[in-house]
$ cat work_25.cif   # mmCIF, C-alpha atoms and all ligand atoms
data_coords
#
loop_
_atom_site.label_atom_id
_atom_site.label_comp_id
_atom_site.auth_asym_id
_atom_site.auth_seq_id
_atom_site.Cartn_x
_atom_site.Cartn_y
_atom_site.Cartn_z
CA ASN A 1 30.68 -0.50 -13.71
CA ARG A 2 28.23 -1.08 -10.86
CA ARG A 3 25.48 -3.58 -11.48
CA ILE A 4 22.69 -5.00 -9.36
CA VAL A 5 22.14 -8.71 -9.81
CA LEU A 6 19.43 -11.09 -8.66
CA ALA A 7 21.05 -12.72 -5.62
CA SER A 8 18.18 -15.09 -4.83
CA ARG A 9 14.57 -15.60 -5.83
CA PRO A 10 11.94 -14.07 -3.53
CA ASP A 11 9.28 -16.19 -1.88
CA GLY A 12 6.52 -13.60 -1.61
CA ALA A 13 7.45 -9.93 -1.46
CA PRO A 14 11.07 -9.20 -2.48
CA SER A 15 13.49 -7.98 0.18
CA PRO A 16 16.89 -6.23 -0.12
CA SER A 17 18.62 -9.61 0.35
CA ASN A 18 17.28 -10.76 -3.04
CA PHE A 19 19.63 -8.24 -4.67
CA ARG A 20 23.43 -7.86 -4.69
CA THR A 21 25.66 -5.07 -5.99
CA GLU A 22 28.73 -6.06 -8.00
CA THR A 23 31.49 -4.08 -9.68
CA THR A 24 32.84 -5.21 -13.05
CA PRO A 25 35.14 -3.58 -15.63
CA VAL A 26 33.43 -1.27 -18.13
CA PRO A 27 33.14 -3.38 -21.32
CA ALA A 28 34.63 -2.22 -24.63
CA PRO A 29 32.48 -2.27 -27.79
CA MET A 30 33.39 -4.60 -30.65
CA ASP A 31 32.59 -3.95 -34.32
CA GLY A 32 28.86 -3.22 -34.69
CA GLN A 33 28.38 -2.42 -31.00
CA VAL A 34 27.87 0.68 -28.87
CA LEU A 35 28.77 1.27 -25.23
CA LEU A 36 25.87 2.81 -23.31
CA GLN A 37 25.88 4.69 -20.03
CA THR A 38 22.63 4.54 -18.07
CA LEU A 39 21.17 7.92 -17.21
CA VAL A 40 17.71 6.89 -16.00
CA LEU A 41 16.43 3.40 -15.16
CA SER A 42 12.74 2.53 -15.19
CA LEU A 43 11.32 0.43 -12.35
CA ASP A 44 8.20 -1.52 -13.34
CA PRO A 45 6.00 -4.21 -11.76
CA TYR A 46 6.81 -6.80 -14.49
CA MET A 47 10.32 -7.08 -13.02
CA ARG A 48 8.79 -8.95 -10.08
CA ASN A 49 7.48 -11.60 -12.52
CA LEU A 50 10.96 -11.94 -14.03
CA MET A 51 12.34 -12.84 -10.57
CA ASP A 52 10.23 -16.03 -10.47
CA PRO A 53 11.85 -19.24 -11.76
CA MET A 54 9.40 -19.71 -14.64
CA GLY A 55 9.05 -16.02 -15.52
CA PRO A 56 5.83 -14.58 -16.94
CA GLY A 57 5.86 -16.58 -20.19
CA TYR A 58 6.31 -13.62 -22.58
CA ALA A 59 9.91 -13.01 -21.43
CA PRO A 60 12.58 -15.25 -19.94
CA PRO A 61 13.21 -15.04 -16.18
CA VAL A 62 16.31 -13.27 -14.85
CA GLU A 63 18.88 -15.92 -13.94
CA VAL A 64 20.20 -15.89 -10.37
CA GLY A 65 23.52 -14.01 -10.53
CA ALA A 66 22.54 -12.04 -13.65
CA PRO A 67 21.84 -8.29 -13.71
CA MET A 68 18.23 -7.25 -13.25
CA VAL A 69 16.75 -6.17 -16.58
CA GLY A 70 15.00 -2.89 -17.25
CA GLY A 71 14.29 -0.12 -19.69
CA THR A 72 16.64 2.86 -19.61
CA VAL A 73 17.40 6.21 -21.11
CA SER A 74 21.07 5.85 -21.97
CA ARG A 75 23.86 7.89 -23.55
CA VAL A 76 26.13 6.41 -26.23
CA VAL A 77 29.64 6.89 -24.84
CA ALA A 78 31.59 4.89 -27.43
CA SER A 79 30.48 3.52 -30.78
CA ARG A 80 31.70 1.03 -33.37
CA HIS A 81 28.23 1.06 -34.97
CA THR A 82 27.57 3.14 -38.11
CA GLY A 83 24.10 4.20 -36.85
CA PHE A 84 25.15 5.75 -33.55
CA ARG A 85 27.63 8.40 -32.45
CA PRO A 86 29.04 9.17 -29.01
CA GLY A 87 26.70 11.62 -27.30
CA ASN A 88 23.49 10.19 -28.85
CA LEU A 89 20.60 9.74 -26.42
CA VAL A 90 18.69 6.47 -26.79
CA LEU A 91 15.88 4.46 -25.28
CA ALA A 92 17.54 1.17 -24.33
CA ASN A 93 17.28 -1.96 -22.21
CA ALA A 94 20.50 -1.59 -20.24
CA GLY A 95 19.12 -3.02 -17.00
CA TRP A 96 20.19 -2.20 -13.46
CA GLN A 97 23.76 -1.17 -14.25
CA ASP A 98 25.93 1.80 -15.18
CA TYR A 99 27.22 0.52 -18.53
CA THR A 100 26.24 -2.07 -21.10
CA LEU A 101 26.88 -2.99 -24.74
CA SER A 102 24.24 -3.10 -27.47
CA ASP A 103 24.23 -4.08 -31.13
CA GLY A 104 21.74 -1.26 -31.74
CA SER A 105 18.79 -3.48 -32.71
CA ASP A 106 16.80 -2.65 -29.56
CA LEU A 107 17.67 1.06 -29.41
CA LEU A 108 15.33 3.92 -30.23
CA PRO A 109 17.09 7.27 -30.81
CA LEU A 110 15.70 10.07 -28.61
CA ASP A 111 15.84 13.82 -29.12
CA GLU A 112 17.54 15.83 -26.40
CA ASP A 113 14.85 16.55 -23.81
CA PRO A 114 14.89 18.55 -20.57
CA GLN A 115 13.04 15.63 -18.95
CA PRO A 116 14.38 12.52 -20.72
CA SER A 117 12.80 10.23 -18.06
CA LEU A 118 9.38 10.85 -19.65
CA ALA A 119 10.47 8.40 -22.35
CA LEU A 120 10.15 5.71 -19.66
CA GLY A 121 6.74 6.92 -18.44
CA ALA A 122 3.88 8.76 -20.11
CA LEU A 123 5.82 9.03 -23.41
CA GLY A 124 7.02 5.45 -23.29
CA MET A 125 6.07 1.90 -22.32
CA PRO A 126 3.54 2.67 -19.53
CA GLY A 127 1.84 5.49 -21.44
CA PHE A 128 1.61 3.38 -24.58
CA THR A 129 0.22 0.52 -22.48
CA ALA A 130 -2.60 2.80 -21.37
CA HIS A 131 -3.26 3.78 -24.98
CA VAL A 132 -3.29 0.20 -26.34
CA GLY A 133 -5.58 -1.08 -23.58
CA LEU A 134 -8.01 1.80 -23.51
CA ILE A 135 -8.18 2.90 -27.15
CA ASP A 136 -7.24 -0.13 -29.27
CA ILE A 137 -8.71 -2.85 -27.07
CA ALA A 138 -11.49 -1.29 -24.96
CA GLN A 139 -12.40 1.26 -27.68
CA VAL A 140 -13.46 3.78 -25.07
CA ARG A 141 -16.44 5.92 -26.05
CA ARG A 142 -17.95 9.21 -24.90
CA GLY A 143 -20.21 8.63 -21.91
CA ASP A 144 -18.56 5.37 -20.82
CA THR A 145 -17.90 4.82 -17.14
CA VAL A 146 -14.25 3.75 -16.97
CA VAL A 147 -12.78 2.25 -13.82
CA VAL A 148 -9.02 1.93 -13.28
CA ALA A 149 -7.05 0.94 -10.17
CA ALA A 150 -3.43 1.81 -9.36
CA ALA A 151 -4.92 5.07 -10.61
CA THR A 152 -2.04 7.40 -9.79
CA GLY A 153 0.62 4.98 -11.08
CA ALA A 154 2.51 5.00 -14.36
CA VAL A 155 -0.21 3.28 -16.40
CA GLY A 156 -3.34 4.19 -14.42
CA ALA A 157 -2.74 7.94 -14.44
CA VAL A 158 -2.56 7.93 -18.23
CA VAL A 159 -5.56 5.59 -18.57
CA GLY A 160 -7.75 7.96 -16.57
CA GLN A 161 -6.58 11.10 -18.36
CA LEU A 162 -6.95 9.52 -21.82
CA ALA A 163 -10.43 8.30 -20.89
CA ARG A 164 -11.37 11.82 -19.85
CA LEU A 165 -10.02 13.24 -23.11
CA HIS A 166 -12.33 10.78 -24.91
CA GLY A 167 -15.37 12.01 -23.00
CA ALA A 168 -15.66 9.16 -20.52
CA ARG A 169 -16.49 9.41 -16.82
CA VAL A 170 -13.46 8.22 -14.85
CA VAL A 171 -13.56 6.40 -11.54
CA GLY A 172 -10.09 5.81 -10.11
CA ILE A 173 -9.10 3.49 -7.30
CA ALA A 174 -5.92 4.22 -5.33
CA GLY A 175 -4.24 3.37 -2.03
CA GLY A 176 -4.85 6.18 0.45
CA ALA A 177 -6.28 9.67 0.79
CA GLU A 178 -3.26 11.50 -0.63
CA LYS A 179 -3.30 9.47 -3.84
CA CYS A 180 -7.06 9.99 -4.20
CA ARG A 181 -6.63 13.72 -3.77
CA HIS A 182 -3.95 13.69 -6.48
CA ALA A 183 -6.27 11.75 -8.81
CA LEU A 184 -9.04 14.30 -8.33
CA GLU A 185 -7.11 17.56 -8.19
CA VAL A 186 -4.16 16.97 -10.50
CA LEU A 187 -5.32 14.19 -12.83
CA ARG A 188 -8.93 15.49 -12.85
CA PHE A 189 -10.64 12.13 -12.43
CA ASP A 190 -14.35 12.40 -11.65
CA VAL A 191 -14.14 10.16 -8.58
CA CYS A 192 -11.35 8.33 -6.75
CA ILE A 193 -11.91 5.70 -4.09
CA ASP A 194 -9.43 4.54 -1.47
CA ARG A 195 -9.04 0.78 -1.85
CA HIS A 196 -8.14 0.54 1.87
CA ALA A 197 -11.53 1.95 2.97
CA LEU A 198 -13.56 -0.58 4.96
CA ASP A 199 -16.63 0.07 2.81
CA PHE A 200 -14.61 0.19 -0.44
CA ALA A 201 -17.01 -2.08 -2.39
CA ARG A 202 -20.03 -0.04 -1.32
CA GLN A 203 -18.31 3.23 -2.30
CA LEU A 204 -17.40 1.81 -5.69
CA ALA A 205 -20.98 0.68 -6.30
CA GLN A 206 -22.20 4.15 -5.36
CA ALA A 207 -19.70 5.80 -7.71
CA CYS A 208 -20.78 3.50 -10.55
CA ALA A 209 -24.55 3.85 -10.24
CA GLN A 210 -24.90 3.31 -14.03
CA GLY A 211 -22.56 0.29 -13.95
CA ILE A 212 -19.07 -0.06 -15.45
CA ASP A 213 -18.52 0.00 -19.23
CA VAL A 214 -14.72 -0.32 -19.21
CA TYR A 215 -12.67 -1.85 -16.42
CA PHE A 216 -8.96 -1.43 -17.15
CA GLU A 217 -7.58 -4.35 -15.13
CA ASN A 218 -4.26 -3.52 -13.43
CA VAL A 219 -4.58 -5.26 -10.10
CA GLY A 220 -6.99 -8.19 -9.62
CA GLY A 221 -7.57 -9.15 -5.97
CA ALA A 222 -10.18 -7.38 -3.86
CA VAL A 223 -10.67 -4.67 -6.50
CA LEU A 224 -11.72 -7.25 -9.09
CA ASP A 225 -14.11 -8.77 -6.53
CA ALA A 226 -15.81 -5.41 -6.10
CA VAL A 227 -15.86 -4.64 -9.85
CA LEU A 228 -17.39 -7.91 -11.11
CA PRO A 229 -21.00 -7.34 -9.94
CA LEU A 230 -20.94 -3.82 -11.41
CA LEU A 231 -19.94 -4.69 -14.99
CA ASN A 232 -22.53 -3.71 -17.59
CA THR A 233 -23.64 -6.05 -20.36
CA GLY A 234 -21.01 -5.91 -23.10
CA ALA A 235 -18.42 -4.36 -20.77
CA ARG A 236 -14.86 -4.25 -22.10
CA VAL A 237 -12.09 -5.44 -19.80
CA PRO A 238 -8.53 -5.07 -21.14
CA VAL A 239 -6.41 -7.22 -18.86
CA CYS A 240 -3.16 -5.35 -18.37
CA GLY A 241 -1.87 -6.71 -15.08
CA PHE A 242 -2.79 -8.21 -11.71
CA ILE A 243 -0.28 -6.73 -9.29
CA ALA A 244 -2.26 -7.79 -6.19
CA HIS A 245 -1.02 -11.32 -6.90
CA TYR A 246 2.58 -10.79 -8.08
CA ASN A 247 3.93 -11.40 -4.58
CA ASP A 248 1.79 -14.46 -3.90
CA ALA A 249 4.26 -16.98 -2.48
CA ALA A 250 4.29 -20.48 -3.90
CA GLY A 251 2.24 -22.56 -1.48
CA ALA A 252 0.82 -19.50 0.32
CA ALA A 253 -2.76 -19.69 1.54
CA GLN A 254 -5.00 -19.25 -1.47
CA THR A 255 -7.45 -16.39 -1.66
CA PRO A 256 -11.12 -17.43 -2.07
CA ASP A 257 -11.85 -19.04 -5.44
CA LEU A 258 -13.00 -16.29 -7.79
CA ARG A 259 -13.20 -18.49 -10.87
CA PRO A 260 -16.94 -19.28 -10.83
CA ALA A 261 -17.89 -15.64 -10.23
CA LEU A 262 -15.54 -14.48 -12.98
CA LEU A 263 -16.76 -17.00 -15.53
CA ALA A 264 -20.42 -16.42 -14.68
CA THR A 265 -20.01 -12.67 -15.11
CA VAL A 266 -18.09 -12.99 -18.39
CA LEU A 267 -20.79 -15.29 -19.73
CA GLN A 268 -23.94 -13.61 -18.43
CA LYS A 269 -22.77 -10.06 -19.15
CA ARG A 270 -21.13 -10.97 -22.52
CA VAL A 271 -17.94 -9.34 -21.25
CA HIS A 272 -15.10 -8.71 -23.70
CA LEU A 273 -12.07 -9.76 -21.67
CA GLN A 274 -8.76 -9.40 -23.52
CA GLY A 275 -5.24 -9.68 -22.26
CA PHE A 276 -2.41 -7.85 -23.98
CA ILE A 277 1.35 -7.37 -23.82
CA VAL A 278 2.40 -3.91 -24.89
CA LEU A 279 5.59 -5.13 -26.61
CA ASP A 280 3.42 -6.76 -29.31
CA HIS A 281 2.05 -3.35 -30.31
CA TYR A 282 5.19 -1.26 -30.87
CA GLY A 283 5.22 -1.82 -34.63
CA GLU A 284 7.95 -3.07 -36.93
CA ARG A 285 10.33 -0.12 -36.38
CA PHE A 286 8.57 1.31 -33.30
CA GLU A 287 6.26 3.23 -35.69
CA HIS A 288 3.13 2.84 -33.53
CA LEU A 289 5.01 3.88 -30.40
CA LEU A 290 6.46 6.90 -32.23
CA ARG A 291 3.03 8.03 -33.46
CA PHE A 292 1.70 7.71 -29.92
CA ARG A 293 4.66 9.71 -28.56
CA THR A 294 3.93 12.62 -30.91
CA GLN A 295 0.30 12.78 -29.79
CA MET A 296 1.14 12.37 -26.10
CA ARG A 297 3.86 15.02 -26.19
CA HIS A 298 1.30 17.42 -27.62
CA TRP A 299 -1.17 16.61 -24.82
CA ILE A 300 1.50 17.04 -22.15
CA GLU A 301 2.63 20.39 -23.60
CA LYS A 302 -0.98 21.60 -23.73
CA GLY A 303 -1.55 20.48 -20.12
CA HIS A 304 -4.21 17.96 -21.15
CA VAL A 305 -2.15 15.14 -19.62
CA ARG A 306 -0.23 15.74 -16.41
CA VAL A 307 2.71 13.63 -15.36
CA GLN A 308 4.11 12.84 -11.93
CA GLU A 309 7.36 11.01 -11.24
CA ASN A 310 8.65 9.27 -8.15
CA VAL A 311 12.41 9.76 -8.52
CA VAL A 312 14.76 7.35 -6.73
CA HIS A 313 18.25 8.84 -6.39
CA GLY A 314 21.16 6.58 -7.31
CA LEU A 315 21.49 3.08 -8.77
CA LEU A 316 22.16 1.51 -5.38
CA GLU A 317 18.71 2.64 -4.19
CA ALA A 318 16.99 0.71 -7.01
CA PRO A 319 16.16 -2.39 -4.90
CA GLN A 320 14.39 -0.36 -2.19
CA GLY A 321 12.70 1.77 -4.86
CA PHE A 322 11.41 -1.40 -6.47
CA ILE A 323 10.15 -2.85 -3.17
CA ASP A 324 8.35 0.44 -2.49
CA LEU A 325 6.84 0.42 -5.99
CA LEU A 326 5.25 -2.99 -5.46
CA SER A 327 3.81 -2.02 -2.08
CA GLY A 328 2.39 1.27 -3.38
CA HIS A 329 4.41 3.66 -1.17
CA HIS A 330 4.69 6.41 -3.78
CA LEU A 331 2.59 7.88 -6.51
CA GLY A 332 3.55 8.44 -10.12
CA LYS A 333 5.98 6.73 -12.43
CA THR A 334 9.00 5.33 -10.55
CA VAL A 335 12.38 6.04 -12.16
CA VAL A 336 15.94 5.83 -10.84
CA ARG A 337 18.29 8.71 -11.62
CA VAL A 338 21.57 6.86 -12.22
CA ALA A 339 23.77 9.58 -13.76
CA GLU A 340 23.49 13.21 -14.78
CA ALA A 341 22.18 13.72 -18.32
P1 LIG B 1 2.26 1.56 -10.67
O1 LIG B 1 3.16 2.73 -10.92
O2 LIG B 1 0.81 1.81 -10.71
O3 LIG B 1 2.66 0.91 -9.28
C1 LIG B 1 2.00 -0.18 -8.78
C2 LIG B 1 0.75 0.20 -7.97
O4 LIG B 1 -0.06 -0.95 -7.80
C3 LIG B 1 1.03 0.63 -6.55
O5 LIG B 1 1.42 1.99 -6.46
C4 LIG B 1 -0.29 0.39 -5.88
O6 LIG B 1 -1.12 1.53 -6.05
C5 LIG B 1 -0.92 -0.74 -6.71
N1 LIG B 1 -1.02 -1.96 -5.92
C6 LIG B 1 -0.05 -2.65 -5.30
N2 LIG B 1 -0.56 -3.70 -4.65
C7 LIG B 1 -1.89 -3.69 -4.87
C8 LIG B 1 -2.97 -4.51 -4.44
N3 LIG B 1 -2.78 -5.57 -3.64
N4 LIG B 1 -4.23 -4.19 -4.84
C9 LIG B 1 -4.44 -3.12 -5.62
N5 LIG B 1 -3.45 -2.30 -6.05
C10 LIG B 1 -2.20 -2.59 -5.67
O7 LIG B 1 2.59 0.42 -11.73
P2 LIG B 1 2.42 0.50 -13.32
O8 LIG B 1 1.51 1.60 -13.66
O9 LIG B 1 3.75 0.47 -13.92
O10 LIG B 1 1.70 -0.89 -13.65
C11 LIG B 1 0.30 -1.06 -13.43
C12 LIG B 1 -0.11 -2.44 -13.92
O11 LIG B 1 0.08 -2.53 -15.33
C13 LIG B 1 0.70 -3.60 -13.31
O12 LIG B 1 -0.16 -4.69 -13.07
C14 LIG B 1 1.68 -3.95 -14.42
O13 LIG B 1 2.13 -5.26 -14.32
C15 LIG B 1 0.82 -3.72 -15.63
N6 LIG B 1 1.53 -3.50 -16.90
C16 LIG B 1 1.24 -4.32 -17.94
C17 LIG B 1 1.79 -4.14 -19.17
C18 LIG B 1 1.40 -5.02 -20.30
O14 LIG B 1 2.03 -5.00 -21.36
N7 LIG B 1 0.34 -5.82 -20.16
C19 LIG B 1 2.81 -3.09 -19.41
C20 LIG B 1 3.03 -2.23 -18.25
C21 LIG B 1 2.40 -2.45 -17.04
P3 LIG B 1 -2.20 1.97 -4.95
O15 LIG B 1 -1.53 1.84 -3.62
O16 LIG B 1 -2.51 3.38 -5.32
O17 LIG B 1 -3.38 1.09 -5.09
#
$ encode --input "work_25.cif" --output "structure tokens"
Amino acid sequence: NRRIVLASRPDGAPSPSNFRTETTPVPAPMDGQVLLQTLVLSLDPYMRNLMDPMGPGYAPPVEVGAPMVGGTVSRVVASRHTGFRPGNLVLANAGWQDYTLSDGSDLLPLDEDPQPSLALGALGMPGFTAHVGLIDIAQVRRGDTVVVAAATGAVGAVVGQLARLHGARVVGIAGGAEKCRHALEVLRFDVCIDRHALDFARQLAQACAQGIDVYFENVGGAVLDAVLPLLNTGARVPVCGFIAHYNDAAGAAQTPDLRPALLATVLQKRVHLQGFIVLDHYGERFEHLLRFRTQMRHWIEKGHVRVQENVVHGLLEAPQGFIDLLSGHHLGKTVVRVAEA
């Protein structure tokens, strides 16, 4: 059983030396447990927050020396649990390792699927995050101008496509010309702006001549700076993440103080700013997630929502895949293919 543990805590951006590969015996299930083999591992930005000593508050930090955590599509290979049989496919939280044990309480049975990794992307946590933020919280309406950054990523790509399906005008923000082309041609956004452009703020203002009704906040940083003056009165801002700051080192030079501008805008424009954690919205027995999955599967099959994956090959490549995810090297949902389905 190979597993990747947190070797040390990063100060700023993580590097390969923050991770270590170990080999341990494959554990045997006890009564009430199943043994899971990881087929696909999800890599997600929140894992960076779990590497910090205090963690993000809604989940405990990963201890130094412990395996990195993460969502997986896993196969039951041995079972002493009445609810699961060897061969069952499940959505699990096996982390960055080949094998793990579960008592079944956190497992969601999956149907056999030619592309099981979608359960970690558009059909899973990131897709549902887009749905909760845009539909439940922002209550997107026909004619809204919706702005989303990290627009070709796991969450952003679904946000933009859902907004379009609801009759909104979608302005994406992404890192580089290739990503912007993808947002326009494949995801069918109305506009996409390269956040690295020197005149990025001017381009955004031009693209949002009628102001911004919904800003789906994924990034913070310079994008938020450019968005604030464009928010319309009563704008809705679901706060999903702020990845521009996840690698801020303790004691690093602070960026200019945005607090007064933020508070003034929220007050003067009567902005509805609401943070959310997707885990709170799954439902008692995943029923909300399951309802969402049915709808999303239909949209994907009809071609209304298009999905793109960045596949990392092999568990041992997970650290580099994760470093690349944070720095925006690839587009689409990042997954690690750990074993053949
Ligand atoms: P992505 O697949 O979009 O990957 C991250 C992307 O962030 C990069 O590709 C890059 O895109 C962008 N990025 C990196 N650094 C910066 C920066 N300094 N400024 C602007 N953009 C940057 O990730 P996800 O879709 O999985 O996650 C998107 C956001 O949603 C994250 O903030 C994440 O933490 C949050 N999230 C929150 C959840 C919740 O429950 N609240 C659940 C799931 C995700 P590019 O180069 O194109 O700009």
$ closest_residue --input "work_25.cif" --among "A:Val266, A:Ala66, A:Leu41, A:Val159" --to "ligand LIG 1 (chain B)" --atoms "all atoms listed in the file"
A:Val159
$ residues_around --input "work_25.cif" --residues "segment 310-314 of chain A" --least-positions-apart "5" --cutoff "9 Å" --atoms "only C-alpha atoms" --output "list of chain:residue names"
A:Gln320, A:Gly321, A:His330, A:Leu331, A:Gly332, A:Lys333, A:Thr334, A:Val335, A:Val336, A:Arg337, A:Val338, A:Ala339
$ write_last_selection --input "work_25.cif" --atoms "C-alpha atoms" --output "PDB file, keeping the file's coordinate frame"
ATOM      1  CA  GLN A 320      14.390  -0.360  -2.190  1.00  0.00           C
ATOM      2  CA  GLY A 321      12.700   1.770  -4.860  1.00  0.00           C
ATOM      3  CA  HIS A 330       4.690   6.410  -3.780  1.00  0.00           C
ATOM      4  CA  LEU A 331       2.590   7.880  -6.510  1.00  0.00           C
ATOM      5  CA  GLY A 332       3.550   8.440 -10.120  1.00  0.00           C
ATOM      6  CA  LYS A 333       5.980   6.730 -12.430  1.00  0.00           C
ATOM      7  CA  THR A 334       9.000   5.330 -10.550  1.00  0.00           C
ATOM      8  CA  VAL A 335      12.380   6.040 -12.160  1.00  0.00           C
ATOM      9  CA  VAL A 336      15.940   5.830 -10.840  1.00  0.00           C
ATOM     10  CA  ARG A 337      18.290   8.710 -11.620  1.00  0.00           C
ATOM     11  CA  VAL A 338      21.570   6.860 -12.220  1.00  0.00           C
ATOM     12  CA  ALA A 339      23.770   9.580 -13.760  1.00  0.00           C
TER      13      ALA A 339
END
$ residues_around --input "work_25.cif" --residues "Arg142 of chain A" --least-positions-apart "6" --cutoff "9 Å" --atoms "only C-alpha atoms" --output "PyMOL selection string"
chain A and resi 163-164+166-169
$ axis_aligned_box --input "work_25.cif" --around "segment 99-105 of chain A" --padding-each-side "6 Å" --output "JSON"
{"center_x": 23.0, "center_y": -1.8, "center_z": -25.6, "size_x": 20.4, "size_y": 16.6, "size_z": 26.2}
$ residues_near_ligand --input "work_25.cif" --ligand "ligand LIG 1 (chain B)" --cutoff "8 Å" --atoms "all atoms listed in the file" --output "count of residues only"
52
